[in-house]
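Raw data_28.cif, mmCIF, C-alpha atoms:
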data_upload
loop_
_atom_site.label_atom_id
_atom_site.label_comp_id
_atom_site.auth_asym_id
_atom_site.auth_seq_id
_atom_site.Cartn_x
_atom_site.Cartn_y
_atom_site.Cartn_z
CA MET L 180 33.27 -111.71 101.05
CA GLY L 181 31.27 -113.23 98.19
CA GLN L 182 27.61 -113.64 97.39
CA ALA L 183 26.03 -115.92 94.79
CA PHE L 184 22.75 -117.84 94.65
CA GLY L 185 21.73 -116.63 98.09
CA CYS L 186 24.96 -117.80 99.71
CA LEU L 187 27.45 -115.50 101.39
CA GLN L 188 31.10 -116.03 102.29
CA VAL L 189 32.61 -114.07 105.17
CA ASP L 190 36.42 -113.84 105.23
CA GLN L 191 38.58 -114.42 108.28
CA SER L 192 38.91 -111.49 110.75
CA ASN L 193 35.75 -109.92 109.35
CA VAL L 194 32.08 -109.88 110.29
CA ILE L 195 28.99 -109.03 108.22
CA ILE L 196 25.93 -107.17 109.48
CA ARG L 197 22.74 -108.80 108.16
CA GLU L 198 19.43 -106.96 108.06
CA HIS L 199 15.91 -108.19 107.50
CA PHE L 200 13.79 -105.66 105.67
CA GLY L 201 16.11 -102.89 106.85
CA LYS L 202 16.23 -103.97 110.49
CA PHE L 203 19.28 -105.43 112.18
CA ASP L 204 19.04 -109.19 112.24
CA ASP L 205 22.39 -110.82 113.01
CA VAL L 206 26.17 -110.60 112.90
CA LEU L 207 27.62 -113.15 110.50
CA GLU L 208 31.01 -114.53 111.51
CA PRO L 209 33.66 -115.92 109.07
CA GLY L 210 32.36 -118.82 106.98
CA CYS L 211 29.54 -119.54 104.55
CA HIS L 212 26.02 -118.29 105.27
CA CYS L 213 22.65 -118.42 103.54
CA LEU L 214 21.24 -115.05 102.60
CA PRO L 215 17.83 -115.51 100.96
CA TRP L 216 17.50 -112.05 99.51
CA CYS L 217 14.08 -112.92 98.17
CA LEU L 218 12.86 -113.16 101.79
CA GLY L 219 14.04 -109.66 102.63
CA TYR L 220 17.54 -110.46 103.95
CA GLN L 221 20.36 -108.23 102.88
CA VAL L 222 23.89 -107.20 103.82
CA ALA L 223 24.06 -103.84 105.55
CA GLY L 224 27.86 -103.74 105.64
CA GLY L 225 30.93 -105.30 107.13
CA LEU L 226 33.48 -104.69 109.85
CA SER L 227 37.14 -105.68 110.08
CA LEU L 228 38.26 -107.18 113.38
CA ARG L 229 41.90 -106.50 112.64
CA VAL L 230 43.89 -104.02 114.72
CA GLN L 231 43.91 -100.63 113.03
CA GLN L 232 46.16 -97.66 113.71
CA LEU L 233 45.34 -93.98 113.73
CA ASP L 234 48.08 -91.33 113.97
CA VAL L 235 46.85 -88.06 115.46
CA ARG L 236 48.84 -84.81 115.35
CA CYS L 237 47.74 -82.38 118.03
CA GLU L 238 49.19 -78.89 118.49
CA THR L 239 49.02 -77.46 121.99
CA LYS L 240 50.89 -75.21 124.42
CA THR L 241 52.92 -76.14 127.47
CA LYS L 242 52.87 -74.48 130.87
CA ASP L 243 55.93 -72.38 129.96
CA ASN L 244 54.18 -71.10 126.79
CA VAL L 245 55.95 -73.26 124.24
CA PHE L 246 53.87 -74.56 121.33
CA VAL L 247 54.44 -78.24 120.61
CA THR L 248 52.97 -80.77 118.23
CA VAL L 249 52.24 -84.08 119.94
CA VAL L 250 51.91 -87.13 117.68
CA ALA L 251 49.82 -89.92 119.23
CA SER L 252 49.44 -93.36 117.69
CA VAL L 253 46.20 -95.14 118.67
CA GLN L 254 45.78 -98.85 117.94
CA TYR L 255 42.18 -100.07 118.11
CA ARG L 256 39.83 -102.76 116.80
CA ALA L 257 36.15 -103.60 116.73
CA VAL L 258 34.92 -106.15 119.28
CA ALA L 259 33.13 -109.09 117.63
CA ASP L 260 30.53 -109.35 120.41
CA LYS L 261 29.66 -105.67 119.98
CA ALA L 262 29.87 -105.50 116.21
CA SER L 263 26.34 -104.10 115.92
CA ASP L 264 27.19 -101.18 118.22
CA ALA L 265 30.41 -100.52 116.29
CA PHE L 266 28.49 -100.53 113.01
CA TYR L 267 25.36 -98.58 113.92
CA ARG L 268 26.36 -96.18 116.69
CA LEU L 269 29.31 -94.41 115.05
CA THR L 270 29.36 -92.73 111.67
CA ASN L 271 33.09 -91.98 111.60
CA THR L 272 35.18 -93.92 114.10
CA ARG L 273 38.51 -92.24 113.27
CA GLU L 274 37.17 -88.72 113.80
CA GLN L 275 35.63 -89.78 117.10
CA ILE L 276 38.92 -91.19 118.35
CA GLN L 277 40.77 -88.11 117.13
CA SER L 278 38.42 -85.84 119.09
CA TYR L 279 39.06 -87.71 122.33
CA VAL L 280 42.83 -87.64 121.74
CA PHE L 281 42.72 -83.87 121.18
CA ASP L 282 40.70 -83.40 124.34
CA VAL L 283 43.02 -85.40 126.60
CA ILE L 284 46.28 -84.04 125.20
CA ARG L 285 45.11 -80.43 125.35
CA ALA L 286 44.02 -81.00 128.93
CA SER L 287 47.26 -82.68 130.05
CA VAL L 288 50.12 -80.91 128.27
CA PRO L 289 49.28 -77.32 129.39
CA LYS L 290 49.86 -78.45 132.99
CA LEU L 291 53.48 -79.37 132.27
CA ASN L 292 56.64 -77.54 131.30
CA LEU L 293 58.35 -78.50 128.06
CA ASP L 294 60.97 -80.69 129.73
CA ALA L 295 58.30 -82.41 131.79
CA VAL L 296 56.29 -83.19 128.64
CA PHE L 297 59.24 -85.19 127.29
CA GLU L 298 59.78 -86.89 130.65
CA GLN L 299 56.11 -87.77 131.21
CA LYS L 300 55.06 -88.77 127.71
CA ASN L 301 54.20 -92.27 128.94
CA ASP L 302 51.85 -90.78 131.54
CA ILE L 303 50.19 -88.70 128.82
CA ALA L 304 49.80 -91.80 126.64
CA LYS L 305 48.24 -93.70 129.57
CA SER L 306 45.76 -90.86 130.17
CA VAL L 307 44.75 -90.88 126.50
CA GLU L 308 44.38 -94.66 126.51
CA ASP L 309 42.23 -94.69 129.66
CA GLU L 310 39.93 -91.99 128.34
CA LEU L 311 39.57 -93.67 124.94
CA GLU L 312 38.95 -97.08 126.49
CA LYS L 313 36.21 -95.69 128.65
CA ALA L 314 34.54 -93.81 125.79
CA MET L 315 34.98 -96.22 122.88
CA SER L 316 33.95 -99.39 124.73
CA THR L 317 30.41 -98.01 124.65
CA TYR L 318 30.56 -98.01 120.86
CA GLY L 319 31.93 -101.54 120.50
CA TYR L 320 35.62 -100.72 120.08
CA GLU L 321 38.64 -101.85 122.08
CA ILE L 322 41.71 -99.64 122.48
CA VAL L 323 44.69 -101.97 122.17
CA GLN L 324 47.45 -99.45 122.88
CA THR L 325 48.16 -95.74 122.76
CA LEU L 326 51.64 -94.35 122.18
CA ILE L 327 53.08 -90.84 122.13
CA VAL L 328 55.49 -91.35 119.25
CA ASP L 329 56.79 -87.81 118.83
CA ILE L 330 56.86 -84.41 120.52
CA GLU L 331 57.85 -81.59 118.16
CA PRO L 332 58.50 -78.14 119.67
CA ASP L 333 58.36 -75.03 117.52
CA PRO L 334 61.44 -74.94 115.22
CA HIS L 335 62.71 -71.72 116.83
CA VAL L 336 62.42 -73.28 120.29
CA LYS L 337 64.15 -76.44 119.11
CA ARG L 338 67.00 -74.42 117.65
CA ALA L 339 67.32 -72.41 120.88
CA MET L 340 67.37 -75.62 122.94
CA ASN L 341 70.10 -77.05 120.72
CA GLU L 342 72.14 -73.85 121.10
CA ILE L 343 71.77 -73.97 124.88
CA ASN L 344 72.85 -77.60 124.92
CA ALA L 345 75.78 -76.85 122.60
CA ALA L 346 76.88 -73.92 124.77
CA ALA L 347 76.76 -76.08 127.90
CA ARG L 348 78.83 -78.79 126.22
CA MET L 349 81.33 -76.22 124.95
CA ARG L 350 81.65 -74.83 128.48
CA VAL L 351 82.39 -78.28 129.84
CA ALA L 352 84.88 -78.89 127.04
CA ALA L 353 86.61 -75.56 127.78
CA ASN L 354 86.87 -76.44 131.47
CA ASP L 355 88.33 -79.83 130.62
CA LYS L 356 90.81 -78.26 128.20
CA ALA L 357 91.85 -75.66 130.78
CA GLU L 358 92.33 -78.40 133.38
CA ALA L 359 94.42 -80.39 130.91
CA ASP L 360 96.56 -77.33 130.10
CA LYS L 361 97.01 -76.74 133.82
CA ILE L 362 98.24 -80.29 134.33
CA LEU L 363 100.62 -79.94 131.38
CA GLN L 364 102.05 -76.71 132.79
CA ILE L 365 102.50 -78.26 136.22
CA LYS L 366 104.20 -81.33 134.78
CA LYS L 367 106.38 -79.15 132.58
CA ALA L 368 107.43 -77.00 135.55
CA GLU L 369 108.14 -80.10 137.62
CA GLY L 370 110.21 -81.51 134.76
CA GLU L 371 112.18 -78.28 134.37
CA ALA L 372 112.82 -78.11 138.13
CA GLU L 373 114.01 -81.71 138.17
CA SER L 374 116.18 -81.07 135.10
CA LYS L 375 117.78 -78.00 136.65
CA TYR L 376 118.36 -79.86 139.90
CA LEU L 377 120.07 -82.74 138.13
CA SER L 378 122.05 -80.33 135.94
CA GLY L 379 123.27 -78.43 138.99
CA LEU L 380 124.13 -81.70 140.69
CA GLY L 381 126.13 -82.77 137.63
CA ILE L 382 127.97 -79.47 137.42
CA ALA L 383 128.82 -79.65 141.12
CA ARG L 384 130.18 -83.18 140.71
CA GLN L 385 132.11 -82.13 137.62
CA ARG L 386 133.77 -79.26 139.44
CA GLN L 387 134.54 -81.48 142.41
CA ALA L 388 136.19 -84.01 140.09
CA ILE L 389 138.27 -81.23 138.52
CA VAL L 390 139.41 -80.01 141.93
CA ASP L 391 140.27 -83.54 143.03
CA GLY L 392 142.17 -84.17 139.80
CA LEU L 393 144.18 -80.98 140.09
CA ARG L 394 145.05 -81.72 143.70
CA ASP L 395 146.28 -85.20 142.83
CA SER L 396 148.31 -83.81 139.91
CA VAL L 397 149.97 -81.17 142.08
CA LEU L 398 150.87 -83.69 144.78
CA ALA L 399 152.29 -86.20 142.28
CA PHE L 400 154.34 -83.53 140.43
CA SER L 401 155.75 -82.11 143.69
CA GLU L 402 156.88 -85.56 144.78
CA ASN L 403 158.55 -86.45 141.47
CA VAL L 404 160.23 -83.05 140.79
CA PRO L 405 162.14 -81.85 143.85
CA GLY L 406 162.28 -78.11 144.51
CA THR L 407 158.94 -77.26 142.94
CA THR L 408 156.20 -75.74 144.96
CA ALA L 409 152.49 -76.33 144.69
CA LYS L 410 152.07 -72.83 143.26
CA ASP L 411 154.50 -73.56 140.41
CA VAL L 412 152.74 -76.78 139.53
CA MET L 413 149.33 -75.09 139.63
CA ASP L 414 150.51 -72.30 137.31
CA MET L 415 151.81 -74.85 134.84
CA VAL L 416 148.59 -76.87 134.91
CA LEU L 417 146.46 -73.79 134.44
CA VAL L 418 148.61 -72.57 131.54
CA THR L 419 148.34 -76.00 129.92
CA GLN L 420 144.54 -75.95 130.25
CA TYR L 421 144.49 -72.41 128.92
CA PHE L 422 146.28 -73.37 125.71
CA ASP L 423 144.17 -76.54 125.36
CA THR L 424 141.06 -74.40 125.53
CA MET L 425 142.38 -72.00 122.88
CA LYS L 426 143.21 -74.95 120.64
CA GLU L 427 139.69 -76.41 120.93
CA ILE L 428 138.09 -73.03 120.16
CA GLY L 429 140.23 -72.60 117.07
CA ALA L 430 139.73 -76.18 115.84
CA SER L 431 135.90 -76.06 115.81
CA SER L 432 134.24 -74.07 113.04
CA LYS L 433 130.99 -73.84 114.98
CA SER L 434 132.48 -72.42 118.17
CA SER L 435 131.53 -68.94 119.25
CA SER L 436 134.27 -66.35 119.27
CA VAL L 437 135.85 -65.64 122.63
CA PHE L 438 138.01 -62.55 123.10
CA ILE L 439 140.59 -62.80 125.88
CA PRO L 440 143.79 -60.80 126.50
CA HIS L 441 146.99 -62.28 124.97
CA GLY L 442 149.69 -60.09 126.45
CA PRO L 443 152.68 -61.57 128.37
CA GLY L 444 151.01 -60.91 131.69
CA ALA L 445 147.67 -62.30 130.54
CA VAL L 446 148.54 -65.87 131.39
CA ARG L 447 149.61 -64.87 134.88
CA ASP L 448 146.33 -62.96 135.37
CA VAL L 449 144.26 -65.87 134.10
CA ALA L 450 146.18 -68.30 136.28
CA SER L 451 145.67 -66.10 139.31
CA GLN L 452 141.95 -65.84 138.67
CA ILE L 453 141.49 -69.59 138.14
CA ARG L 454 143.64 -70.43 141.16
CA GLU L 455 141.70 -68.08 143.40
CA GLY L 456 138.43 -69.54 142.20
CA LEU L 457 139.57 -73.10 142.84
CA LEU L 458 140.87 -72.24 146.29
CA GLN L 459 137.58 -70.58 147.15
CA ALA L 460 135.68 -73.65 145.97
CA GLN L 461 137.97 -75.89 148.03
CA SER L 462 137.46 -73.72 151.16
CA LEU L 463 133.69 -73.81 150.68
CA LYS L 464 133.79 -77.60 150.38
CA SER L 465 135.80 -77.99 153.60
#

Let me see the file written as structure tokens.
Amino acid sequence: MGQAFGCLQVDQSNVIIREHFGKFDDVLEPGCHCLPWCLGYQVAGGLSLRVQQLDVRCETKTKDNVFVTVVASVQYRAVADKASDAFYRLTNTREQIQSYVFDVIRASVPKLNLDAVFEQKNDIAKSVEDELEKAMSTYGYEIVQTLIVDIEPDPHVKRAMNEINAAARMRVAANDKAEADKILQIKKAEGEAESKYLSGLGIARQRQAIVDGLRDSVLAFSENVPGTTAKDVMDMVLVTQYFDTMKEIGASSKSSSVFIPHGPGAVRDVASQIREGLLQAQSLKS
């Protein structure tokens, strides 16, 4: 805006209020205008038509007695056709808007619980916008948009809410961990059962192979050496295995010590015990 030699320049997105001897005369739009001050014309003031923003912090209480601070952002602008009303009818536009925001928020939030306030913040913003639009249009202002940009509970309440949320998440995590441990135990037990089954099956097959081998050896020896009985051949085989076992135990430095009788009759006793065990296994098989 500039003024020289009775001429006046009005910048874009602005309007000037012109008075004639102190009385409202006209609204000057952007451009160059004549202002013959010597004839009683003067500039009363100007208005910006740009969108302005006002952030309002309002503290109130919810239905469940929790104090919260609601931050509302109001975007507004003066209407060019009603510039005279916007200039003359309000002394302080920002305080007027702030009063209406306080009134609507403090009337809406106490009807809701804290969780509902977060869920219905758009409804609260719409209520504030409708009330402001209805009130401020009379004064030449347009409400472009109203937003609830933040809801801040009391710090103690916020900390308690975080602790509740953390406890709930820890409970879920504990349940998941317990379920995982349960699955691991089940799989481990199934694996051990399968391992024992296969081990038993292998031992049974091993013993069966030993019995079959001994039987074939006895039959072959009896056929090739006349006059020998099956008992004689079995005693010889068992004695041979006995000495082979003693040799293996003595040859390995990591073998555990085994104490067995070594008297003259020990071999006969061992042979009798092994033979009886093999015969019992053979009878159980048949």

Would you list the contacts of region 186-197 of chain L as number ranges by chain, taking every protein, DNA or RNA residue within 12 Å and counting only C-alpha atoms, but skipping same-chain residues closer than 4 positions in sequence?
-> L: 180-182, 201-216, 219-230, 256-267

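Between CA of Glu312 (chain L) and CA of Gln277 (chain L) the separation is 13.1 Å.
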
Tell me, as a PyMOL selection string, which residues lie within 12 Å of Pro334 (chain L), counting all atoms listed in the file; anything in the same chain fewer than 5 positions away does not count.
-> chain L and resi 245-248+339-341

Could you state which residues are captured by the PyMOL selection byres ((chain L and resi 288) around 10) in this file, as an MDAnalysis selection string?
-> chainID L and resid 239:242 247 249 283:287 289:293 295:296 299:300 303

Evaluate the PyMOL selection byres ((chain L and resi 253-255) around 6) and report residues as JSON, numbers by chain = {"L": [230, 231, 232, 233, 252, 256, 321, 322, 323, 324, 325]}

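Checking L:Pro332, L:Leu380, L:Ala251, L:Gly185 one by one against Lys305 (chain L), counting only C-alpha atoms, you find the shortest gap at L:Ala251.
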
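Picture a line from CA of Arg338 (chain L) to CA of Asp294 (chain L); it runs 14.9 Å.
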
Rebuild region 340-351 of chain L so that it carries all heavy atoms, then output the result as a PDB file, keeping the file's coordinate frame.
ATOM      1  N   MET L 340      66.994 -74.547 122.018  1.00  0.00           N
ATOM      2  CA  MET L 340      67.370 -75.620 122.940  1.00  0.00           C
ATOM      3  C   MET L 340      68.683 -76.272 122.510  1.00  0.00           C
ATOM      4  O   MET L 340      69.542 -76.580 123.346  1.00  0.00           O
ATOM      5  CB  MET L 340      66.255 -76.672 122.999  1.00  0.00           C
ATOM      6  CG  MET L 340      64.972 -76.191 123.635  1.00  0.00           C
ATOM      7  SD  MET L 340      63.643 -77.408 123.529  1.00  0.00           S
ATOM      8  CE  MET L 340      64.308 -78.735 124.523  1.00  0.00           C
ATOM      9  N   ASN L 341      68.848 -76.471 121.207  1.00  0.00           N
ATOM     10  CA  ASN L 341      70.100 -77.050 120.720  1.00  0.00           C
ATOM     11  C   ASN L 341      71.279 -76.114 120.989  1.00  0.00           C
ATOM     12  O   ASN L 341      72.380 -76.572 121.329  1.00  0.00           O
ATOM     13  CB  ASN L 341      69.994 -77.332 119.222  1.00  0.00           C
ATOM     14  CG  ASN L 341      69.048 -78.479 118.911  1.00  0.00           C
ATOM     15  OD1 ASN L 341      68.815 -79.335 119.752  1.00  0.00           O
ATOM     16  ND2 ASN L 341      68.483 -78.492 117.714  1.00  0.00           N
ATOM     17  N   GLU L 342      71.064 -74.805 120.826  1.00  0.00           N
ATOM     18  CA  GLU L 342      72.140 -73.850 121.100  1.00  0.00           C
ATOM     19  C   GLU L 342      72.513 -73.835 122.575  1.00  0.00           C
ATOM     20  O   GLU L 342      73.691 -73.749 122.933  1.00  0.00           O
ATOM     21  CB  GLU L 342      71.710 -72.451 120.638  1.00  0.00           C
ATOM     22  CG  GLU L 342      71.608 -72.304 119.115  1.00  0.00           C
ATOM     23  CD  GLU L 342      71.097 -70.947 118.710  1.00  0.00           C
ATOM     24  OE1 GLU L 342      70.736 -70.154 119.619  1.00  0.00           O
ATOM     25  OE2 GLU L 342      71.033 -70.669 117.495  1.00  0.00           O
ATOM     26  N   ILE L 343      71.497 -73.927 123.450  1.00  0.00           N
ATOM     27  CA  ILE L 343      71.770 -73.970 124.880  1.00  0.00           C
ATOM     28  C   ILE L 343      72.568 -75.225 125.233  1.00  0.00           C
ATOM     29  O   ILE L 343      73.547 -75.184 125.980  1.00  0.00           O
ATOM     30  CB  ILE L 343      70.448 -73.925 125.680  1.00  0.00           C
ATOM     31  CG1 ILE L 343      69.781 -72.551 125.523  1.00  0.00           C
ATOM     32  CG2 ILE L 343      70.694 -74.230 127.155  1.00  0.00           C
ATOM     33  CD1 ILE L 343      68.392 -72.485 126.122  1.00  0.00           C
ATOM     34  N   ASN L 344      72.145 -76.344 124.666  1.00  0.00           N
ATOM     35  CA  ASN L 344      72.850 -77.600 124.920  1.00  0.00           C
ATOM     36  C   ASN L 344      74.275 -77.539 124.389  1.00  0.00           C
ATOM     37  O   ASN L 344      75.223 -77.986 125.054  1.00  0.00           O
ATOM     38  CB  ASN L 344      72.088 -78.744 124.253  1.00  0.00           C
ATOM     39  CG  ASN L 344      72.612 -80.104 124.658  1.00  0.00           C
ATOM     40  OD1 ASN L 344      73.265 -80.236 125.679  1.00  0.00           O
ATOM     41  ND2 ASN L 344      72.332 -81.108 123.865  1.00  0.00           N
ATOM     42  N   ALA L 345      74.437 -76.962 123.177  1.00  0.00           N
ATOM     43  CA  ALA L 345      75.780 -76.850 122.600  1.00  0.00           C
ATOM     44  C   ALA L 345      76.666 -75.948 123.446  1.00  0.00           C
ATOM     45  O   ALA L 345      77.848 -76.247 123.664  1.00  0.00           O
ATOM     46  CB  ALA L 345      75.678 -76.322 121.166  1.00  0.00           C
ATOM     47  N   ALA L 346      76.092 -74.834 123.928  1.00  0.00           N
ATOM     48  CA  ALA L 346      76.880 -73.920 124.770  1.00  0.00           C
ATOM     49  C   ALA L 346      77.318 -74.601 126.066  1.00  0.00           C
ATOM     50  O   ALA L 346      78.455 -74.431 126.524  1.00  0.00           O
ATOM     51  CB  ALA L 346      76.063 -72.668 125.077  1.00  0.00           C
ATOM     52  N   ALA L 347      76.409 -75.376 126.656  1.00  0.00           N
ATOM     53  CA  ALA L 347      76.760 -76.080 127.900  1.00  0.00           C
ATOM     54  C   ALA L 347      77.872 -77.093 127.650  1.00  0.00           C
ATOM     55  O   ALA L 347      78.819 -77.211 128.442  1.00  0.00           O
ATOM     56  CB  ALA L 347      75.519 -76.776 128.465  1.00  0.00           C
ATOM     57  N   ARG L 348      77.783 -77.809 126.538  1.00  0.00           N
ATOM     58  CA  ARG L 348      78.830 -78.790 126.220  1.00  0.00           C
ATOM     59  C   ARG L 348      80.161 -78.110 125.914  1.00  0.00           C
ATOM     60  O   ARG L 348      81.231 -78.609 126.286  1.00  0.00           O
ATOM     61  CB  ARG L 348      78.392 -79.660 125.040  1.00  0.00           C
ATOM     62  CG  ARG L 348      77.221 -80.572 125.378  1.00  0.00           C
ATOM     63  CD  ARG L 348      76.804 -81.430 124.199  1.00  0.00           C
ATOM     64  NE  ARG L 348      75.678 -82.277 124.539  1.00  0.00           N
ATOM     65  CZ  ARG L 348      75.772 -83.470 125.087  1.00  0.00           C
ATOM     66  NH1 ARG L 348      76.971 -83.948 125.389  1.00  0.00           N
ATOM     67  NH2 ARG L 348      74.706 -84.199 125.353  1.00  0.00           N
ATOM     68  N   MET L 349      80.101 -76.958 125.235  1.00  0.00           N
ATOM     69  CA  MET L 349      81.330 -76.220 124.950  1.00  0.00           C
ATOM     70  C   MET L 349      81.970 -75.707 126.238  1.00  0.00           C
ATOM     71  O   MET L 349      83.199 -75.691 126.377  1.00  0.00           O
ATOM     72  CB  MET L 349      81.027 -75.060 123.997  1.00  0.00           C
ATOM     73  CG  MET L 349      80.690 -75.495 122.580  1.00  0.00           C
ATOM     74  SD  MET L 349      80.275 -74.107 121.508  1.00  0.00           S
ATOM     75  CE  MET L 349      81.823 -73.227 121.485  1.00  0.00           C
ATOM     76  N   ARG L 350      81.119 -75.291 127.201  1.00  0.00           N
ATOM     77  CA  ARG L 350      81.650 -74.830 128.480  1.00  0.00           C
ATOM     78  C   ARG L 350      82.355 -75.970 129.217  1.00  0.00           C
ATOM     79  O   ARG L 350      83.445 -75.784 129.781  1.00  0.00           O
ATOM     80  CB  ARG L 350      80.511 -74.258 129.324  1.00  0.00           C
ATOM     81  CG  ARG L 350      80.982 -73.678 130.649  1.00  0.00           C
ATOM     82  CD  ARG L 350      79.884 -72.863 131.308  1.00  0.00           C
ATOM     83  NE  ARG L 350      78.706 -73.665 131.580  1.00  0.00           N
ATOM     84  CZ  ARG L 350      77.557 -73.536 130.929  1.00  0.00           C
ATOM     85  NH1 ARG L 350      77.430 -72.644 129.971  1.00  0.00           N
ATOM     86  NH2 ARG L 350      76.519 -74.290 131.233  1.00  0.00           N
ATOM     87  N   VAL L 351      81.756 -77.126 129.205  1.00  0.00           N
ATOM     88  CA  VAL L 351      82.390 -78.280 129.840  1.00  0.00           C
ATOM     89  C   VAL L 351      83.694 -78.633 129.142  1.00  0.00           C
ATOM     90  O   VAL L 351      84.711 -78.929 129.781  1.00  0.00           O
ATOM     91  CB  VAL L 351      81.416 -79.486 129.822  1.00  0.00           C
ATOM     92  CG1 VAL L 351      82.119 -80.748 130.322  1.00  0.00           C
ATOM     93  CG2 VAL L 351      80.198 -79.191 130.687  1.00  0.00           C
TER      94      VAL L 351
END
